[in-house]
Amino acid sequence: MKPELLIPVGSPEALPIALTFGADAVYLGSDALSLRAKAENFSDRRLREALRYTHERGKKLYLAVNIFAREADLAQAEQLFETLAAWEEKPDAFIVSDFGIIRLAKRMLPDVPLHISTQTNSTNSETIRFWQEQGACRVVCARELSLAEISAIREKLPPETELEAFVHGSLCMAYSGRCLISSFLTGREANRGLCTQPCRWQYAVSEEKRPGLYMPLEETERGTYLFNAKDLCMIEHLPRLIQAGICSLKVEGRMKNELYIATIARAYRLALDALAESPAAYEALLPWLKEEVLKCTTRDYCTGFYFGPPAPEDYNYQSSAYRQDFRYLGLVEEDAGGLYIRQKNKFSAGEPIEAIRPGGENIPLTVDYFESEEGERRESCPHPEEKLYIHTGVRLQAFDILRKENL
């Protein structure tokens, strides 16, 4: 059985892109009670529209309510659940981690399934059975589990129990993402969605009471990025993930832009479809897929804990910078005036760029000229979010993503 491809959506603009480029399901947060408080997220109106839009396309939407709630948060949770209870369209599941939130969800919306977040660090079959007893139908595996451990857990669970696992995106250095460094250094608590990512900062380590005992470090003249993990990428290990019994492959990235969402969703969609056709088709496509997942903003890749504890090479001690081999230029949309983009990064007529499409096509092109809403001809688009009609010899279509290689 082909596993579900679960794609992050951090803003209303990202939702149609995730669905168009291959998601079977998406997960997103409301304006509150989500562990991505700095994402744009969804107001009540936008959430209702997103539910309708997703379900009309036969896809699923999971709502992250995975904050570790303080007492003052419970009233807000009740208000959210009361609002959802009045709607005809409801989330296909809640992603939850806090016992209090779970109790409220079960009492107020008992028909909405519960998915237990990776924040609960579920690392064994008894823990997962416990969550089943609390009414959960799916558990997101702790990121510290290896494929061998997941396989062993799967064998001890009833067939209806669903296991989900992260397969792509940023890795947190803390245990199942439960980190206090941001709270300690900046007062912004990771477990309430406000992480400042201090694991990406520069550090120097010393221990004054242990002279002569040193932690081996690699560093540049700028310092050492001691906690900076590489990003996770399992696209060349999909058969192993499926064999281990994972039914939902989850991509991290509610803070990422539309180019990332389109690029990664498309790559994993094409990989899963090829694998369903035959192992040979998947293997033949892999070289192209491995190149494609680098064509968005990302760090270097590793395989996390899936094949054992991370090795030193799974960390980047020299830099926390993203690699940006390609730049996001904009999404092609259409109205009565024709095809247009809302520009994201500057580019000019005549420059070689590329349009990517859900089916796997990468279309090289150059723009002949741009046209403003007032009909003014332009040779470049230097202003972010400006709406510009595009004229090119290549026939574009809505939902094409435009990108440019950073040479």
# chains A, B, ... in the order shown; residues from 1 in each chain; ligands from 1
call {"tool": "residues_around", "arguments": {"residues": "A:Ile341", "least_positions_apart": "5", "cutoff": "9 Å", "atoms": "only C-alpha atoms", "output": "list in words"}}
result
Leu329, Gly330, Leu331, Val332, Glu333, Glu334, Glu385, Glu386, Lys387, Leu388, Tyr389, Ile390 and Leu402 of chain A
call {"tool": "write_last_selection", "arguments": {"atoms": "C-alpha atoms", "output": "CSV table (one decimal), in the first residue's frame"}}
result
chain,number,residue,atom,x,y,z
A,329,LEU,CA,11.0,34.1,-8.2
A,330,GLY,CA,7.3,33.7,-7.9
A,331,LEU,CA,4.2,31.6,-8.6
A,332,VAL,CA,2.4,31.9,-11.9
A,333,GLU,CA,-1.3,32.8,-11.5
A,334,GLU,CA,-4.0,33.8,-13.9
A,385,GLU,CA,5.0,41.3,-4.0
A,386,GLU,CA,4.4,43.4,-7.1
A,387,LYS,CA,1.8,41.9,-9.5
A,388,LEU,CA,3.2,41.7,-13.0
A,389,TYR,CA,1.9,40.1,-16.1
A,390,ILE,CA,4.6,38.1,-17.9
A,402,LEU,CA,9.5,30.2,-11.3
call {"tool": "residues_around", "arguments": {"residues": "A:Glu379", "least_positions_apart": "2", "cutoff": "6 Å", "atoms": "only C-alpha atoms", "output": "list in words"}}
result
Ser348, Ala349 and Tyr369 of chain A
call {"tool": "residues_around", "arguments": {"residues": "A:Ala267", "least_positions_apart": "6", "cutoff": "12 Å", "atoms": "only C-alpha atoms", "output": "number ranges by chain"}}
result
A: 5, 7, 18, 21-23, 168, 233-236, 238, 251, 260-261, 273-274, 282, 285-296, 356-361
call {"tool": "write_last_selection", "arguments": {"atoms": "N, CA and C atoms", "output": "short mmCIF file (atom, residue, chain, number, x, y, z; two decimals), in the first residue's frame"}}
result
data_model
loop_
_atom_site.label_atom_id
_atom_site.label_comp_id
_atom_site.auth_asym_id
_atom_site.auth_seq_id
_atom_site.Cartn_x
_atom_site.Cartn_y
_atom_site.Cartn_z
N LEU A 5 1.62 10.95 1.70
CA LEU A 5 2.61 12.01 1.66
C LEU A 5 2.01 13.23 2.35
N ILE A 7 2.44 17.00 3.79
CA ILE A 7 3.23 18.19 3.47
C ILE A 7 2.84 19.35 4.39
N ALA A 18 0.95 23.01 -2.15
CA ALA A 18 1.19 21.69 -1.56
C ALA A 18 0.28 20.64 -2.19
N PHE A 21 1.18 20.06 -6.02
CA PHE A 21 2.46 19.42 -6.27
C PHE A 21 2.59 18.04 -5.61
N GLY A 22 1.50 17.50 -5.05
CA GLY A 22 1.56 16.09 -4.72
C GLY A 22 1.16 15.64 -3.35
N ALA A 23 0.77 16.55 -2.46
CA ALA A 23 0.41 16.13 -1.10
C ALA A 23 -0.86 15.28 -1.11
N HIS A 168 11.83 14.28 5.88
CA HIS A 168 12.56 15.36 5.22
C HIS A 168 12.41 16.65 6.01
N CYS A 233 16.95 13.96 4.93
CA CYS A 233 16.46 13.62 3.58
C CYS A 233 16.51 12.10 3.42
N MET A 234 15.34 11.51 3.22
CA MET A 234 15.24 10.05 3.09
C MET A 234 14.69 9.62 1.74
N ILE A 235 14.83 10.48 0.73
CA ILE A 235 14.20 10.17 -0.55
C ILE A 235 14.81 8.94 -1.22
N GLU A 236 16.07 8.63 -0.91
CA GLU A 236 16.66 7.44 -1.52
C GLU A 236 16.51 6.20 -0.64
N LEU A 238 13.17 5.28 0.56
CA LEU A 238 11.73 5.08 0.71
C LEU A 238 11.34 3.61 0.85
N VAL A 251 6.87 15.63 5.92
CA VAL A 251 7.89 16.62 5.59
C VAL A 251 7.80 17.77 6.58
N TYR A 260 10.21 25.73 -1.73
CA TYR A 260 10.53 24.54 -0.94
C TYR A 260 9.35 23.57 -0.95
N ILE A 261 8.15 24.06 -0.70
CA ILE A 261 6.98 23.19 -0.64
C ILE A 261 6.78 22.48 -1.98
N ASP A 273 5.25 7.49 -6.55
CA ASP A 273 4.53 6.97 -7.72
C ASP A 273 5.42 6.03 -8.53
N ALA A 274 6.69 6.37 -8.67
CA ALA A 274 7.61 5.50 -9.40
C ALA A 274 7.81 4.19 -8.65
N TYR A 282 11.71 3.43 -9.79
CA TYR A 282 12.16 4.30 -8.69
C TYR A 282 13.67 4.50 -8.75
N LEU A 285 14.78 6.85 -11.44
CA LEU A 285 14.45 8.25 -11.19
C LEU A 285 15.30 8.88 -10.10
N LEU A 286 15.92 8.06 -9.26
CA LEU A 286 16.62 8.58 -8.08
C LEU A 286 17.69 9.64 -8.36
N PRO A 287 18.56 9.46 -9.35
CA PRO A 287 19.58 10.50 -9.57
C PRO A 287 18.96 11.88 -9.80
N TRP A 288 17.89 11.94 -10.57
CA TRP A 288 17.22 13.22 -10.82
C TRP A 288 16.59 13.75 -9.54
N LEU A 289 15.96 12.88 -8.76
CA LEU A 289 15.32 13.29 -7.51
C LEU A 289 16.34 13.87 -6.53
N LYS A 290 17.50 13.25 -6.43
CA LYS A 290 18.52 13.70 -5.49
C LYS A 290 19.06 15.08 -5.88
N GLU A 291 19.06 15.38 -7.17
CA GLU A 291 19.43 16.72 -7.61
C GLU A 291 18.32 17.73 -7.30
N GLU A 292 17.08 17.32 -7.51
CA GLU A 292 15.96 18.23 -7.35
C GLU A 292 15.78 18.69 -5.90
N VAL A 293 15.98 17.82 -4.93
CA VAL A 293 15.75 18.22 -3.54
C VAL A 293 16.79 19.22 -3.04
N LEU A 294 17.81 19.49 -3.86
CA LEU A 294 18.78 20.52 -3.52
C LEU A 294 18.44 21.87 -4.15
N LYS A 295 17.38 21.91 -4.96
CA LYS A 295 17.07 23.11 -5.73
C LYS A 295 16.06 24.01 -5.01
N CYS A 296 16.21 24.11 -3.72
CA CYS A 296 15.43 25.04 -2.90
C CYS A 296 16.31 25.39 -1.71
N ILE A 356 8.88 25.15 -12.97
CA ILE A 356 8.70 23.76 -12.59
C ILE A 356 7.22 23.46 -12.47
N ARG A 357 6.85 22.22 -12.87
CA ARG A 357 5.46 21.80 -12.88
C ARG A 357 5.29 20.52 -12.08
N PRO A 358 4.07 20.27 -11.61
CA PRO A 358 3.84 19.12 -10.73
C PRO A 358 4.23 17.78 -11.34
N GLY A 359 4.07 17.62 -12.64
CA GLY A 359 4.36 16.33 -13.25
C GLY A 359 5.82 15.99 -13.41
N GLY A 360 6.70 16.94 -13.08
CA GLY A 360 8.14 16.67 -13.17
C GLY A 360 8.85 17.48 -14.23
N GLU A 361 8.10 18.27 -15.00
CA GLU A 361 8.73 19.06 -16.05
C GLU A 361 9.46 20.27 -15.47
#
call {"tool": "residues_around", "arguments": {"residues": "A:Asp31", "least_positions_apart": "3", "cutoff": "7 Å", "atoms": "only C-alpha atoms", "output": "JSON, numbers by chain"}}
result
{"A": [41, 42, 43]}
call {"tool": "residues_around", "arguments": {"residues": "A:Pro110", "least_positions_apart": "5", "cutoff": "10 Å", "atoms": "only C-alpha atoms", "output": "ChimeraX atom specification"}}
result
/A:85,103-105,135
call {"tool": "write_last_selection", "arguments": {"atoms": "C-alpha atoms", "output": "mmCIF file, in the first residue's frame"}}
result
data_model
loop_
_atom_site.group_PDB
_atom_site.id
_atom_site.type_symbol
_atom_site.label_atom_id
_atom_site.label_comp_id
_atom_site.auth_asym_id
_atom_site.auth_seq_id
_atom_site.Cartn_x
_atom_site.Cartn_y
_atom_site.Cartn_z
ATOM 1 C CA ALA A 85 -17.663 22.027 16.446
ATOM 2 C CA ARG A 103 -8.930 15.703 27.091
ATOM 3 C CA LEU A 104 -10.607 18.813 25.710
ATOM 4 C CA ALA A 105 -10.516 17.525 22.130
ATOM 5 C CA GLY A 135 -8.198 7.371 21.702
#
call {"tool": "atom_distance", "arguments": {"atom1": "atom CA of A:Ala281", "atom2": "atom CA of A:Phe166"}}
result
23.8 Å
call {"tool": "select_by_dssp", "arguments": {"residues": "stretch 281-348 of chain A", "states": "helix (DSSP H, G or I)", "output": "PyMOL selection string"}}
result
chain A and resi 281-292+312-314
call {"tool": "write_last_selection", "arguments": {"atoms": "N, CA and C atoms", "output": "CSV table (one decimal), in the first residue's frame"}}
result
chain,number,residue,atom,x,y,z
A,281,ALA,N,11.7,1.4,-11.7
A,281,ALA,CA,11.4,2.8,-12.1
A,281,ALA,C,11.8,3.8,-11.0
A,282,TYR,N,11.7,3.4,-9.8
A,282,TYR,CA,12.2,4.3,-8.7
A,282,TYR,C,13.7,4.5,-8.7
A,283,GLU,N,14.4,3.4,-8.9
A,283,GLU,CA,15.9,3.5,-9.0
A,283,GLU,C,16.3,4.3,-10.2
A,284,ALA,N,15.6,4.2,-11.3
A,284,ALA,CA,16.0,5.0,-12.5
A,284,ALA,C,15.8,6.5,-12.2
A,285,LEU,N,14.8,6.8,-11.4
A,285,LEU,CA,14.5,8.2,-11.2
A,285,LEU,C,15.3,8.9,-10.1
A,286,LEU,N,15.9,8.1,-9.3
A,286,LEU,CA,16.6,8.6,-8.1
A,286,LEU,C,17.7,9.6,-8.4
A,287,PRO,N,18.6,9.5,-9.3
A,287,PRO,CA,19.6,10.5,-9.6
A,287,PRO,C,19.0,11.9,-9.8
A,288,TRP,N,17.9,11.9,-10.6
A,288,TRP,CA,17.2,13.2,-10.8
A,288,TRP,C,16.6,13.8,-9.5
A,289,LEU,N,16.0,12.9,-8.8
A,289,LEU,CA,15.3,13.3,-7.5
A,289,LEU,C,16.3,13.9,-6.5
A,290,LYS,N,17.5,13.2,-6.4
A,290,LYS,CA,18.5,13.7,-5.5
A,290,LYS,C,19.1,15.1,-5.9
A,291,GLU,N,19.1,15.4,-7.2
A,291,GLU,CA,19.4,16.7,-7.6
A,291,GLU,C,18.3,17.7,-7.3
A,292,GLU,N,17.1,17.3,-7.5
A,292,GLU,CA,16.0,18.2,-7.4
A,292,GLU,C,15.8,18.7,-5.9
A,312,PRO,N,29.5,12.4,13.5
A,312,PRO,CA,30.0,13.8,13.4
A,312,PRO,C,29.7,14.4,12.0
A,313,GLU,N,29.7,13.6,10.9
A,313,GLU,CA,29.5,14.2,9.6
A,313,GLU,C,28.0,14.6,9.4
A,314,ASP,N,27.1,14.2,10.4
A,314,ASP,CA,25.7,14.7,10.3
A,314,ASP,C,25.5,16.0,10.9
call {"tool": "residues_around", "arguments": {"residues": "A:Phe99", "least_positions_apart": "6", "cutoff": "12 Å", "atoms": "only C-alpha atoms", "output": "CSV table (one decimal) with C-alpha atoms, in the first residue's frame"}}
result
chain,number,residue,atom,x,y,z
A,65,VAL,CA,-2.9,21.9,18.2
A,66,ASN,CA,0.4,20.6,19.7
A,67,ILE,CA,1.5,23.4,22.0
A,68,PHE,CA,2.3,22.3,25.6
A,69,ALA,CA,-0.5,24.3,27.2
A,70,ARG,CA,-0.3,26.5,30.2
A,74,LEU,CA,-7.0,26.2,28.0
A,105,ALA,CA,-10.5,17.5,22.1
A,106,LYS,CA,-12.0,14.2,23.1
A,114,LEU,CA,-6.2,12.2,17.3
A,116,ILE,CA,0.0,12.1,18.7
A,117,SER,CA,2.9,14.5,17.9
A,120,THR,CA,5.7,13.2,23.0
A,131,TRP,CA,-1.9,6.5,23.3
A,134,GLN,CA,-6.4,7.5,25.1
A,135,GLY,CA,-8.2,7.4,21.7
A,136,ALA,CA,-5.4,8.1,19.3
